[in-house]
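Visitor: My structure is below; once you've seen it, I'll send some questions.
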Amino acid sequence: MSDIKILSDKLTNKIAAGEVVQRPASLVKELVENSLDAGASEIIVRIKNGGKTLCEVTDDGQGMDKDDLLLAFERYATSKISTVQDLSNIRSLGFRGEALASIAAVAKVDALSTKEGSDTGHILRIRGGKFLDVKPAPPKPGSQISVRNLFYNVPARRKFLKSKNVEFRHIVKIMRKFSLIHPNIRFKLVHNGREVFNLKSENLKNRIVHLFSSEYKDNLIRIDSARGSWELSGYLGNLNLVRARRKGQQFLYVNGRSITDKYMSHAILSGYSSLVSRGEFPFYCLQLRIPPEEVDVNVHPSKMEVKFTYRKKLYRFIKDTIKRSVSSLKEDLPDFGSLSPQEYYSEPKVKKPGQQQAPQQEKGEQNQKQATNQPMQSDKKIDHQQPQKPLQTKKDSKQTNIPMHFTHKVDSQKWTERAERFSKKREQDQQTDQESYQPDVKVFQVHKKYIISQIESGIVIIDQHVAHERILFEEALKSMKKGGGSAQQLLFPQVVELSVDDYSVLLDILPYLEKMGFRAKKFGKNTVAVEAVPAGMRIGDEGKAMKKIIDHYREYGTKETDIQEKVAAAYACKAAIKAGDPLEEEEMRNLVDRLFATENPLYCPHGRPVVVNLTLKELDKRFERTG
């Protein structure tokens, strides 16, 4: 008897479902593509619990009669191609005839459809790939496909689904892609009975503004370029829309199909030339129109990847177009950038003896005295300990403390030998006049990036950004574990408008941000009003800091296990001083002392080294010294 067997249709459908339907978002993608191919002018998507309980897509397209409704759920049944030659001239989004059969094999499906012009509709019920019945139904233009309990009969697949909020954000991402390339179509998304967005037919620029925020309205560059039979159109973001480490706001379409192509994405980024630095990503929404025979879309199960016949020529066309379009940006200064310590922190340098306190300093201290804690979900004020000022002796007052957002009690037992030496020196010279104090070890800043100091065994080189990041990370964790960090109340709350998925992320991490000192309230749809920030943080950067924290969390959030550590790491990275920020000697010394007071001064929260030690032996070897 042969060991090789022909698999049953039931089993092959479940295998195909693993390729086509990976999560609720991919299910929604397949159903919406069918609605678009059916000529719908309005598409409504309703989901429950991130799509795990229900995904329902309703459209006003051409619909199906009874026979077509039955055939639609058979594998390899499609109305979009009929010959081999059609594969090289694909003009529809779907064409393989696998999606509906695969979905029906792993879910409970109800399909209601009415053929355009017919006075009778039909409803089809399928459970786990088994056809139950098809019955007449009242006529309703278009189709409505309801998919419940995805993977209910494949527990091994269902357990790999993420939380409902994560799955919801994946669906938002898919719906945003469709909405951008079809601004003339009305899209509505409803999650657990709450309307996420309701987009009317409009032009592309207004669609971008409605999907993201009003910030985009005045920061978009129109693209319209052609070369032979190729056309590139859409919008680019100027430098004000550049997001660090954020790859989720780049949209590229080929003949109406959203694609992922590293080569063409590189062409777009190359067009920005030196305007953006490594790790920064501009916004763009671009549509490439080329003859269908010059692109192969049948190279990936989800049709997200394509192959181009004239790949290199297309690369040059795209790059040249982008380069011309953004060339004028070099003449304008963006209103964003890496923030210096003086911009991030309101606490000023300690005044010299006899010097009067500046009005700005007095204002900053008044803001700290008004510190409160006010959570987003409640108007009730919570009493909280006021931020403590670090104790200073006469000798200590010579140094300028870099504000670290949280009061930090140093445990001298955890210090390294170098930190202990400074601590002992302070105790010995506590009664010494301030002007007579001279530190026993010098520190130097190199290229506004690194701090160099002498130690007994050689020299130590410290990365100022990751050093400060380590300090803030540990202090943020301590603050969250204690139940709350010091906050300073804003005189006027700052309104921050977010995209749908950014707002969803904020709701996930807000309890942890509140423990660090952020206070925010809901202020309209996908909008919050920030009322307080961690003590010491510069007032005026609340929205920018919050968006950067969200971006950082989205990038690293799935790679770590402890959500508190994720939020603390995101906050520390975005609030730490940056490479390129000049520091005075007192600031460097304070940074070094606080670094060696942390539990793990050698590595940042993401594993990057903080300290490089060069021993005398290594230095002697480099200079070929023998003794």
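Residue numbering restarts at 1 in every chain; chains get A, B, ... in the order shown in the structure tokens, and ligands count up from 1 in that same order.
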How close does each residue of region 272-306 of chain A get to region 315-323 of chain A, giving the shortest atom pair and distance in Å to one decimal for every residue with an atom at most 10 Å away, counting only C-alpha atoms, sorted by chain and residue number, as a Markdown table?
Guide:
| residue | atom | partner | partner_atom | distance |
| --- | --- | --- | --- | --- |
| A:Tyr272 | CA | A:Lys323 | CA | 5.9 |
| A:Ser273 | CA | A:Lys323 | CA | 7.3 |
| A:Leu288 | CA | A:Ile318 | CA | 9.0 |
Visitor: Pick out the closest residue to Gly50 (chain A) from this set: A:His210, A:Arg158, A:Lys566, A:Lys164. Count only C-alpha atoms.
Guide: A:Lys164
Visitor: Can you tell me which residues surround Leu180 (chain A) at a distance of at most 8 Å, considering only C-alpha atoms, apart from same-chain residues fewer than 4 positions away, and format the answer as a ChimeraX atom specification?
Guide: /A:176,204,207-208,285
Visitor: Check the smallest atom-to-atom distance from each of A:Lys617, A:Lys173, A:Lys448, A:Lys115 to Asp60 (chain A) using only C-alpha atoms, then report the winner.
Guide: A:Lys115
Visitor: Find the spatial neighbours of Met480 (chain A), counting only C-alpha atoms, within a cut-off of 9 Å - ignore same-chain residues fewer than 2 positions away - and output them as a count of residues only.
Guide: 15
Visitor: According to DSSP computed on the backbone, where in region 52-274 of chain A is there alpha helix (DSSP H)? Give the residues as JSON, numbers by chain.
Guide: {"A": [66, 67, 68, 69, 70, 71, 72, 99, 100, 101, 102, 103, 104, 105, 155, 156, 157, 158, 164, 165, 166, 167, 168, 169, 170, 171, 172, 173, 174, 175, 176, 177, 178, 179, 180, 181, 204, 205, 206, 207, 208, 209, 210, 211, 262, 263, 264, 265, 266, 267, 268, 269, 270, 271]}
Visitor: For Ile181 (chain A), work out the shell of residues within 10 Å, counting only C-alpha atoms and skipping chain neighbours fewer than 4 positions away, then give it as JSON, numbers by chain.
Guide: {"A": [176, 177, 185, 204, 207, 234, 251, 252, 253, 254, 255, 256, 257, 258, 285, 286, 287]}
Visitor: Could you save the residues just selected, with all heavy atoms, as a short mmCIF file (atom, residue, chain, number, x, y, z; two decimals), in the first residue's frame?
Guide:
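Generated output (again-v4.cif):
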data_model
loop_
_atom_site.label_atom_id
_atom_site.label_comp_id
_atom_site.auth_asym_id
_atom_site.auth_seq_id
_atom_site.Cartn_x
_atom_site.Cartn_y
_atom_site.Cartn_z
N ARG A 176 -6.97 51.23 7.07
CA ARG A 176 -6.35 52.49 6.69
C ARG A 176 -5.75 52.39 5.28
O ARG A 176 -5.85 53.32 4.48
CB ARG A 176 -5.27 52.88 7.70
CG ARG A 176 -4.58 54.21 7.36
CD ARG A 176 -3.47 54.53 8.32
NE ARG A 176 -3.98 54.87 9.62
CZ ARG A 176 -3.66 54.26 10.75
NH1 ARG A 176 -2.81 53.26 10.74
NH2 ARG A 176 -4.17 54.65 11.90
N LYS A 177 -5.13 51.26 4.98
CA LYS A 177 -4.55 51.07 3.65
C LYS A 177 -5.61 51.14 2.57
O LYS A 177 -5.42 51.78 1.52
CB LYS A 177 -3.81 49.74 3.59
CG LYS A 177 -2.52 49.70 4.39
CD LYS A 177 -1.82 48.36 4.27
CE LYS A 177 -0.50 48.35 5.02
NZ LYS A 177 0.20 47.05 4.92
N ILE A 185 -14.47 56.13 -1.88
CA ILE A 185 -15.39 55.14 -1.30
C ILE A 185 -15.60 55.45 0.18
O ILE A 185 -14.66 55.82 0.89
CB ILE A 185 -14.84 53.72 -1.48
CG1 ILE A 185 -14.79 53.37 -2.97
CG2 ILE A 185 -15.68 52.70 -0.71
CD1 ILE A 185 -14.22 52.00 -3.26
N LEU A 204 -7.97 62.76 -1.62
CA LEU A 204 -6.95 62.03 -0.87
C LEU A 204 -6.38 62.86 0.28
O LEU A 204 -6.15 62.34 1.37
CB LEU A 204 -5.82 61.59 -1.81
CG LEU A 204 -4.64 60.87 -1.16
CD1 LEU A 204 -5.10 59.64 -0.39
CD2 LEU A 204 -3.60 60.48 -2.21
N ARG A 207 -8.69 62.82 3.14
CA ARG A 207 -8.73 61.46 3.71
C ARG A 207 -7.52 61.25 4.63
O ARG A 207 -7.65 60.67 5.70
CB ARG A 207 -8.76 60.44 2.58
CG ARG A 207 -8.75 58.98 2.99
CD ARG A 207 -9.96 58.57 3.84
NE ARG A 207 -11.23 58.79 3.23
CZ ARG A 207 -11.89 57.90 2.48
NH1 ARG A 207 -11.32 56.74 2.20
NH2 ARG A 207 -13.09 58.18 2.01
N GLY A 234 0.28 61.05 -5.55
CA GLY A 234 0.00 60.93 -4.13
C GLY A 234 0.58 62.09 -3.35
O GLY A 234 0.72 63.21 -3.86
N PHE A 251 3.02 54.33 2.82
CA PHE A 251 2.02 53.58 2.06
C PHE A 251 2.37 53.65 0.57
O PHE A 251 2.43 54.73 -0.02
CB PHE A 251 0.63 54.16 2.29
CG PHE A 251 0.23 54.23 3.75
CD1 PHE A 251 0.49 55.37 4.50
CD2 PHE A 251 -0.35 53.13 4.37
CE1 PHE A 251 0.14 55.42 5.83
CE2 PHE A 251 -0.69 53.18 5.70
CZ PHE A 251 -0.45 54.33 6.44
N LEU A 252 2.60 52.49 -0.01
CA LEU A 252 2.93 52.39 -1.42
C LEU A 252 1.96 51.43 -2.10
O LEU A 252 1.75 50.31 -1.62
CB LEU A 252 4.38 51.90 -1.60
CG LEU A 252 4.86 51.69 -3.04
CD1 LEU A 252 4.81 53.01 -3.81
CD2 LEU A 252 6.27 51.11 -3.05
N TYR A 253 1.39 51.87 -3.21
CA TYR A 253 0.40 51.07 -3.94
C TYR A 253 0.85 50.92 -5.39
O TYR A 253 1.42 51.86 -5.97
CB TYR A 253 -0.97 51.74 -3.90
CG TYR A 253 -1.51 52.00 -2.51
CD1 TYR A 253 -1.18 53.16 -1.82
CD2 TYR A 253 -2.35 51.08 -1.89
CE1 TYR A 253 -1.66 53.41 -0.56
CE2 TYR A 253 -2.84 51.32 -0.62
CZ TYR A 253 -2.49 52.48 0.05
OH TYR A 253 -2.97 52.71 1.31
N VAL A 254 0.57 49.76 -5.93
CA VAL A 254 0.82 49.51 -7.35
C VAL A 254 -0.50 49.09 -7.99
O VAL A 254 -1.07 48.06 -7.62
CB VAL A 254 1.89 48.42 -7.55
CG1 VAL A 254 2.04 48.09 -9.03
CG2 VAL A 254 3.23 48.87 -6.98
N ASN A 255 -0.98 49.91 -8.88
CA ASN A 255 -2.27 49.65 -9.56
C ASN A 255 -3.38 49.38 -8.56
O ASN A 255 -4.20 48.46 -8.73
CB ASN A 255 -2.12 48.48 -10.52
CG ASN A 255 -1.17 48.78 -11.66
OD1 ASN A 255 -0.84 49.93 -11.92
ND2 ASN A 255 -0.71 47.73 -12.34
N GLY A 256 -3.43 50.16 -7.49
CA GLY A 256 -4.49 50.04 -6.49
C GLY A 256 -4.26 48.99 -5.44
O GLY A 256 -5.10 48.81 -4.56
N ARG A 257 -3.14 48.28 -5.50
CA ARG A 257 -2.86 47.22 -4.55
C ARG A 257 -1.75 47.66 -3.59
O ARG A 257 -0.68 48.09 -4.01
CB ARG A 257 -2.41 45.96 -5.29
CG ARG A 257 -2.19 44.74 -4.40
CD ARG A 257 -1.58 43.60 -5.20
NE ARG A 257 -2.37 43.28 -6.37
CZ ARG A 257 -3.45 42.51 -6.35
NH1 ARG A 257 -3.84 41.97 -5.21
NH2 ARG A 257 -4.11 42.27 -7.46
N SER A 258 -2.01 47.55 -2.29
CA SER A 258 -1.00 47.87 -1.29
C SER A 258 0.09 46.80 -1.32
O SER A 258 -0.20 45.60 -1.28
CB SER A 258 -1.62 47.93 0.11
OG SER A 258 -0.63 48.12 1.09
N CYS A 285 2.27 58.59 0.92
CA CYS A 285 1.16 57.80 0.40
C CYS A 285 1.20 57.95 -1.11
O CYS A 285 0.78 58.98 -1.66
CB CYS A 285 -0.17 58.30 0.98
SG CYS A 285 -1.61 57.40 0.34
N LEU A 286 1.72 56.94 -1.79
CA LEU A 286 2.01 57.04 -3.22
C LEU A 286 1.38 55.88 -3.99
O LEU A 286 1.37 54.74 -3.53
CB LEU A 286 3.53 57.04 -3.45
CG LEU A 286 4.31 58.20 -2.83
CD1 LEU A 286 5.80 57.98 -2.99
CD2 LEU A 286 3.89 59.52 -3.46
N GLN A 287 0.89 56.22 -5.16
CA GLN A 287 0.29 55.23 -6.06
C GLN A 287 1.12 55.17 -7.34
O GLN A 287 1.35 56.19 -8.00
CB GLN A 287 -1.14 55.65 -6.39
CG GLN A 287 -1.70 55.03 -7.66
CD GLN A 287 -2.60 53.85 -7.41
OE1 GLN A 287 -2.14 52.79 -7.04
NE2 GLN A 287 -3.89 54.06 -7.62
#
Visitor: Which of these residues is nearest to Leu199 (chain A), using only C-alpha atoms: A:Pro136, A:Asn240, A:Ala467, A:Glu42?
Guide: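 Among A:Pro136, A:Asn240, A:Ala467, A:Glu42, it is A:Glu42 that comes nearest to Leu199 (chain A).
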Visitor: Considering only C-alpha atoms, return as a list in words whatever protein or nucleic-acid residues lie within 10 Å of Lys303 (chain A), sequence-local ones (same chain, fewer than 4 positions apart) excluded.
Guide: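 In the requested format, the answer is Val20, Leu93, Gly94, Arg257, Ser258, Ile259, Thr260, Asp296, Val297, Asn298 and Val299 of chain A.
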Visitor: Restricting the calculation to only C-alpha atoms: of A:Ile577, A:Leu112, A:Leu132, A:Pro292, which residue gets closest to Ser92 (chain A)?
Guide: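 The shortest atom-to-atom distance to Ser92 (chain A) comes from A:Pro292.
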Visitor: Would you return as a PyMOL selection string the members of region 44-151 of chain A that DSSP assigns to strand (DSSP E or B) on this structure's backbone?
Guide: chain A and resi 44-48+54-59+108-114+121-127+130-137+142-148
Visitor: I'd like to know which of A:Phe160, A:Asp501, A:Gly63, A:Lys188 is closest to Gly248 (chain A), using only C-alpha atoms.
Guide: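 Comparing A:Phe160, A:Asp501, A:Gly63, A:Lys188 against Gly248 (chain A), the winner is A:Asp501.
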Visitor: What is the distance, in Å and to one decimal place, between CA of Arg622 (chain A) and CA of Ser453 (chain A)?
Guide: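 So the answer is 18.7 Å.
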